[in-house]
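Have a look at start15.txt; it's compact mmCIF, C-alpha atoms:
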```txt
# COMPACT_ATOMS: atom_id res chain seq x y z
CA MET A 226 101.35 88.70 85.21
CA PRO A 227 98.80 86.96 82.98
CA THR A 228 95.59 86.00 84.77
CA ILE A 229 92.38 84.08 84.27
CA TYR A 230 89.28 85.32 86.05
CA LEU A 231 86.83 82.50 86.78
CA GLY A 232 83.57 84.07 87.87
CA SER A 233 79.81 83.76 88.13
CA CYS A 234 78.76 87.45 88.05
CA ARG A 235 78.64 88.14 84.33
CA ASP A 236 77.47 91.74 84.61
CA MET A 237 80.29 92.61 87.02
CA MET A 238 82.75 90.96 84.66
CA GLU A 239 81.43 93.11 81.80
CA LEU A 240 82.21 96.23 83.87
CA VAL A 241 85.64 95.13 85.10
CA LYS A 242 86.77 93.63 81.79
CA PRO A 243 89.36 91.15 83.04
CA PRO A 244 91.89 90.43 80.29
CA ARG A 245 90.97 86.73 80.17
CA ALA A 246 87.71 85.66 81.76
CA ALA A 247 85.58 82.54 81.98
CA PHE A 248 81.94 82.75 83.08
CA VAL A 249 80.18 79.86 84.80
CA ASN A 250 76.44 80.44 85.17
CA PHE A 251 76.14 78.81 88.59
CA PRO A 252 74.84 80.31 91.85
CA LEU A 253 77.54 82.27 93.70
CA GLY A 254 79.86 80.06 95.70
CA HIS A 255 80.24 77.46 92.95
CA GLN A 256 82.54 79.16 90.46
CA CYS A 257 84.75 76.09 90.36
CA GLY A 258 81.94 73.54 90.16
CA LYS A 259 79.43 71.59 92.18
CA LEU A 260 79.82 69.96 95.56
CA GLY A 261 80.72 66.29 95.28
CA GLU A 262 81.53 66.44 91.56
CA PRO A 263 85.32 66.54 91.33
CA GLU A 264 85.31 65.61 87.64
CA LEU A 265 83.12 68.58 86.83
CA GLN A 266 85.39 70.80 88.95
CA THR A 267 88.40 69.58 87.02
CA GLN A 268 86.73 70.15 83.67
CA ILE A 269 85.70 73.70 84.55
CA LEU A 270 89.26 74.49 85.63
CA LYS A 271 90.67 72.98 82.45
CA ASP A 272 88.29 75.04 80.33
CA ALA A 273 89.16 78.21 82.21
CA LEU A 274 92.92 77.64 82.25
CA SER A 275 92.93 76.81 78.54
CA LEU A 276 92.18 80.48 77.93
CA PHE A 277 95.83 81.23 78.72
CA GLU A 278 96.69 79.62 75.42
CA SER A 279 93.55 80.25 73.39
CA ALA A 280 92.49 83.80 74.27
CA LYS A 281 93.69 86.17 71.59
CA SER A 282 92.19 89.52 72.54
CA PRO A 283 91.77 91.30 75.87
CA GLY A 284 88.43 91.68 77.60
CA LYS A 285 86.48 88.86 75.97
CA ILE A 286 84.34 86.75 78.32
CA GLU A 287 84.24 83.05 77.50
CA ASP A 288 80.84 81.61 78.44
CA LEU A 289 81.45 78.07 79.64
CA GLU A 290 78.72 75.66 78.64
CA TYR A 291 77.65 74.33 82.02
CA THR A 292 74.16 74.52 83.42
CA TRP A 293 72.90 74.37 86.99
CA ASP A 294 70.27 71.69 87.72
CA VAL A 295 67.46 74.17 88.33
CA PRO A 296 66.87 77.79 87.30
CA PHE A 297 68.00 80.32 89.91
CA THR A 298 67.13 83.97 90.35
CA TRP A 299 68.09 86.98 92.43
CA GLN A 300 65.26 86.07 94.82
CA ASP A 301 66.77 82.59 95.21
CA TYR A 302 70.12 84.18 96.01
CA GLN A 303 68.55 86.31 98.74
CA LYS A 304 66.62 83.34 100.14
CA ASP A 305 69.73 81.14 100.15
CA ILE A 306 71.61 83.75 102.15
CA SER A 307 68.82 84.15 104.67
CA ASP A 308 68.36 80.35 104.98
CA MET A 309 72.10 79.98 105.52
CA LEU A 310 72.17 82.66 108.24
CA GLU A 311 69.26 81.03 110.02
CA ALA A 312 70.60 77.48 109.69
CA GLU A 313 74.02 78.47 111.03
CA GLY A 314 72.75 80.94 113.61
CA LEU A 315 74.71 83.77 111.99
CA ALA A 316 74.01 87.46 112.41
CA ALA A 317 72.48 89.44 109.58
CA GLN A 318 74.57 92.25 108.20
CA ASN A 319 74.40 95.09 110.71
CA TRP A 320 76.29 97.67 108.71
CA LYS A 321 74.10 100.73 108.24
CA PRO A 322 74.22 103.76 105.97
CA ASN A 323 76.58 106.46 107.33
CA ALA A 324 77.87 104.05 109.97
CA MET B 71 69.36 80.74 81.33
CA GLU B 72 69.95 84.47 81.56
CA PRO B 73 72.61 85.33 84.14
CA ILE B 74 71.41 87.17 87.26
CA LYS B 75 71.91 90.92 87.01
CA TYR B 76 73.75 91.25 90.31
CA VAL B 77 74.81 94.87 89.81
CA SER B 78 71.33 96.30 89.36
CA CYS B 79 69.79 93.98 91.98
CA LEU B 80 72.42 94.87 94.56
CA ASN B 81 72.06 98.57 93.74
CA GLU B 82 68.31 98.41 94.26
CA THR B 83 68.54 96.40 97.47
CA TYR B 84 71.13 98.57 99.18
CA GLN B 85 69.78 101.88 97.96
CA ALA B 86 66.33 100.91 99.25
CA GLU B 87 67.99 100.65 102.67
CA GLY B 88 69.42 104.14 102.34
CA PHE B 89 72.97 103.38 101.21
CA PRO B 90 74.56 105.71 98.67
CA PRO B 91 75.14 104.22 95.21
CA TYR B 92 78.03 101.77 95.15
CA ARG B 93 80.82 102.71 92.76
CA TRP B 94 81.38 99.51 90.84
CA SER B 95 84.81 99.01 89.39
CA GLU B 96 84.51 99.77 85.72
CA PHE B 97 87.19 99.93 83.09
CA ASP B 98 87.05 100.95 79.44
CA SER B 99 89.68 98.50 78.31
CA SER B 100 91.70 95.53 79.48
CA PRO B 101 95.44 95.25 79.99
CA TRP B 102 97.08 92.42 78.12
CA GLN B 103 100.04 90.44 79.28
CA PRO B 104 101.03 87.94 76.58
CA PHE B 105 101.14 84.32 77.60
CA GLU B 106 104.11 82.79 75.88
CA LYS B 107 104.94 79.52 77.57
CA PRO B 108 102.96 76.32 77.17
CA LEU B 109 100.53 75.90 80.08
CA ASN B 110 102.07 72.56 80.97
CA GLN B 111 105.38 74.32 81.68
CA THR B 112 103.86 77.21 83.60
CA ARG B 113 103.87 77.82 87.34
CA LEU B 114 100.38 78.84 88.39
CA ALA B 115 99.19 80.51 91.59
CA LEU B 116 95.66 80.60 92.97
CA ILE B 117 94.06 83.75 94.36
CA SER B 118 90.60 83.22 95.86
CA SER B 119 88.39 85.74 97.63
CA GLY B 120 86.22 83.09 99.25
CA GLY B 121 87.06 84.24 102.78
CA ILE B 122 89.13 81.16 103.63
CA PHE B 123 91.73 81.21 106.39
CA LYS B 124 93.79 78.81 108.48
CA GLU B 125 92.73 78.08 112.05
CA ASP B 126 95.83 79.85 113.41
CA GLN B 127 95.24 82.97 111.30
CA ALA B 128 93.03 85.97 112.00
CA PRO B 129 89.53 85.14 110.76
CA PHE B 130 87.90 87.23 108.07
CA ASP B 131 84.87 89.32 108.92
CA PRO B 132 82.03 87.43 107.21
CA TRP B 133 80.31 90.73 106.44
CA ALA B 134 83.53 92.48 105.47
CA VAL B 135 83.53 96.11 104.42
CA ASN B 136 86.81 97.56 103.16
CA ASP B 137 88.90 94.56 104.17
CA LEU B 138 92.15 94.94 102.26
CA SER B 139 93.92 92.11 104.07
CA PHE B 140 94.83 88.68 102.76
CA ARG B 141 96.02 85.39 104.17
CA GLU B 142 98.84 83.22 102.83
CA ILE B 143 97.90 79.55 102.92
CA ASP B 144 100.21 76.69 102.01
CA VAL B 145 98.65 74.45 99.36
CA ASP B 146 99.49 71.41 101.48
CA VAL B 147 97.54 72.53 104.54
CA ASP B 148 94.88 69.98 105.42
CA PHE B 149 91.41 71.30 104.56
CA LYS B 150 90.37 70.31 108.09
CA LYS B 151 92.53 73.17 109.35
CA LEU B 152 90.77 75.74 107.17
CA ASN B 153 87.66 77.77 107.81
CA LEU B 154 85.56 80.15 105.74
CA HIS B 155 83.99 83.44 106.79
CA HIS B 156 82.06 85.02 103.95
CA ASN B 157 78.34 85.72 104.09
CA TYR B 158 77.89 87.50 100.78
CA PHE B 159 77.36 84.16 99.10
CA ASP B 160 75.70 80.97 100.32
CA HIS B 161 78.82 79.23 101.60
CA ARG B 162 77.21 75.98 102.79
CA ASP B 163 78.47 73.91 99.85
CA ALA B 164 81.90 75.50 100.07
CA LEU B 165 82.15 74.56 103.75
CA GLN B 166 81.65 70.93 102.75
CA ASP B 167 84.15 71.15 99.90
CA PHE B 168 86.35 74.22 99.72
CA ASN B 169 87.25 73.25 96.15
CA VAL B 170 84.09 74.89 94.81
CA VAL B 171 85.65 78.32 95.49
CA TYR B 172 89.20 77.33 96.46
CA PRO B 173 90.14 74.57 94.00
CA VAL B 174 93.45 73.55 95.54
CA ASP B 175 92.89 69.79 95.34
CA ARG B 176 91.89 70.01 91.68
CA LEU B 177 94.86 72.25 90.80
CA LYS B 178 97.27 69.89 92.55
CA GLU B 179 95.83 67.07 90.48
CA LEU B 180 96.18 69.13 87.31
CA ALA B 181 99.83 69.77 88.16
CA GLU B 182 100.34 66.07 88.89
CA ALA B 183 98.73 65.20 85.55
CA GLY B 184 100.96 67.68 83.72
CA PHE B 185 98.10 69.94 82.60
CA ILE B 186 99.85 72.85 84.32
CA GLY B 187 103.57 72.95 85.00
CA SER B 188 103.28 73.39 88.76
CA LEU B 189 101.17 74.97 91.45
CA ALA B 190 102.80 77.71 93.52
CA PRO B 191 103.17 76.70 97.18
CA THR B 192 101.13 79.61 98.55
CA VAL B 193 97.50 80.45 97.92
CA ILE B 194 96.50 84.07 98.40
CA SER B 195 93.14 84.20 100.14
CA LEU B 196 91.00 87.31 100.57
CA GLY B 197 87.62 88.22 102.03
CA MET B 198 87.16 91.78 100.79
CA GLY B 199 83.39 92.32 100.93
CA ARG B 200 82.15 95.73 99.86
CA LEU B 201 85.11 97.90 98.99
CA TYR B 202 85.19 101.67 99.03
CA LYS B 203 88.99 101.84 98.96
CA ARG B 204 89.89 100.63 95.51
CA THR B 205 92.98 102.83 95.25
CA ALA B 206 94.38 101.38 98.48
CA LEU B 207 93.64 97.91 97.18
CA GLN B 208 95.56 98.62 93.99
CA GLU B 209 98.43 100.55 95.55
CA GLU B 210 98.92 98.75 98.87
CA THR B 211 97.47 95.24 98.76
CA VAL B 212 98.26 94.27 95.19
CA PRO B 213 102.01 95.07 95.36
CA LYS B 214 102.31 92.94 98.52
CA ILE B 215 100.61 90.03 96.78
CA LEU B 216 102.71 90.49 93.65
CA LYS B 217 105.90 90.39 95.70
CA ILE B 218 104.92 87.03 97.20
CA LEU B 219 104.01 85.60 93.80
CA GLN B 220 107.26 86.79 92.26
CA SER B 221 109.28 85.30 95.10
CA GLN B 222 107.71 81.94 94.17
CA ASN B 223 108.47 82.39 90.46
CA VAL B 224 104.79 82.46 89.59
CA GLU B 225 104.12 82.96 85.89
CA ALA B 226 100.32 83.01 85.76
CA VAL B 227 97.42 83.38 88.17
CA LEU B 228 93.94 81.90 88.47
CA LEU B 229 91.59 84.40 90.10
CA VAL B 230 88.47 83.07 91.78
CA PRO B 231 86.44 86.06 92.99
CA ALA B 232 83.72 85.09 95.44
```
For the file at hand, write its structure as structure tokens.
Amino acid sequence: MPTIYLGSCRDMMELVKPPRAAFVNFPLGHQCGKLGEPELQTQILKDALSLFESAKSPGKIEDLEYTWDVPFTWQDYQKDISDMLEAEGLAAQNWKPNA
Amino acid sequence: MEPIKYVSCLNETYQAEGFPPYRWSEFDSSPWQPFEKPLNQTRLALISSGGIFKEDQAPFDPWAVNDLSFREIDVDVDFKKLNLHHNYFDHRDALQDFNVVYPVDRLKELAEAGFIGSLAPTVISLGMGRLYKRTALQEETVPKILKILQSQNVEAVLLVPA
């Protein structure tokens, strides 16, 4: 079954080597575009799905040319998660080594 | 902007807490299934691992470890009847618009517009989390998913890993 992998973790994609892959450099949780921007969402999907017809060799990652409004780092990712847990009153991960 | 190096950052974070090194899935090469039909005549299915489920289905564990289960969700289910349990990414935007990780509305529009042939009636939704049972995933979960897709005459799949 031919597949397209639409992801935002480029280094993981380099390890897994999906046959046809599109990379969107957005914070996790936005692989298919930004909130409230359906046209952008559509365009990202069109770009990704077009790889079914255009990709010619397995394992190549197509870097889609979209940019997030502000730079984001690993520290931002961690802060976003902790802000989310606090805002929603969610428990932190309680899984421990050797549990 | 340089992409975040999630693998090394996650390794450092978890190993600092005393976890053993995570065995990332790594392959030397990629399989290749030729794509021979025009996209606008192709039946596409969506598989998302955004942790989305229907209100009458068992919820995902938001901090899933080794969750090999999946939910089947009809593409016509009202988004108001869906929920999302997944804490490994900031899901606040996704809760306001599932399409950012579960682009069902957009894919239905693309089918309507003739960009894809059709959208398969069932979305396969997973939560997964950290997985230490890759063989079980490949040998037990994947065949079940494939059987569903084949029963719906699916010809191609969009994977949205979250």
Got a sec to pull out which chain A residues are within 8 Å of chain B, counting all atoms listed in the file, and send them as an MDAnalysis selection string?
-> chainID A and resid 226:232 234:237 240:244 250 253:261 263 266:267 270 274:275 277:278 282:284 296 298:299 302 305:306 309 318 321:323
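One distance worth recording is that between atom CA of Trp293 of chain A and atom CA of Asp308 of chain A, which is 19.5 Å.
Atom CA of Ala316 of chain A is found 20.3 Å from atom CA of Ala86 of chain B.
Among the candidate residues B:Asn110, B:Thr211, B:Asn223, B:Ser195, the one lying nearest to Val145 of chain B is B:Ser195, with distances computed using only C-alpha atoms.
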So which residues fall inside 6 Å of (66.0, 88.4, 98.2) if we count all atoms listed in the file? Mind giving them as a PyMOL selection string?
-> chain A and resi 300+303-304
For atom CA of Lys217 of chain B and atom CA of Lys281 of chain A, quote the distance in Å rounded to one decimal.
-> 27.4 Å
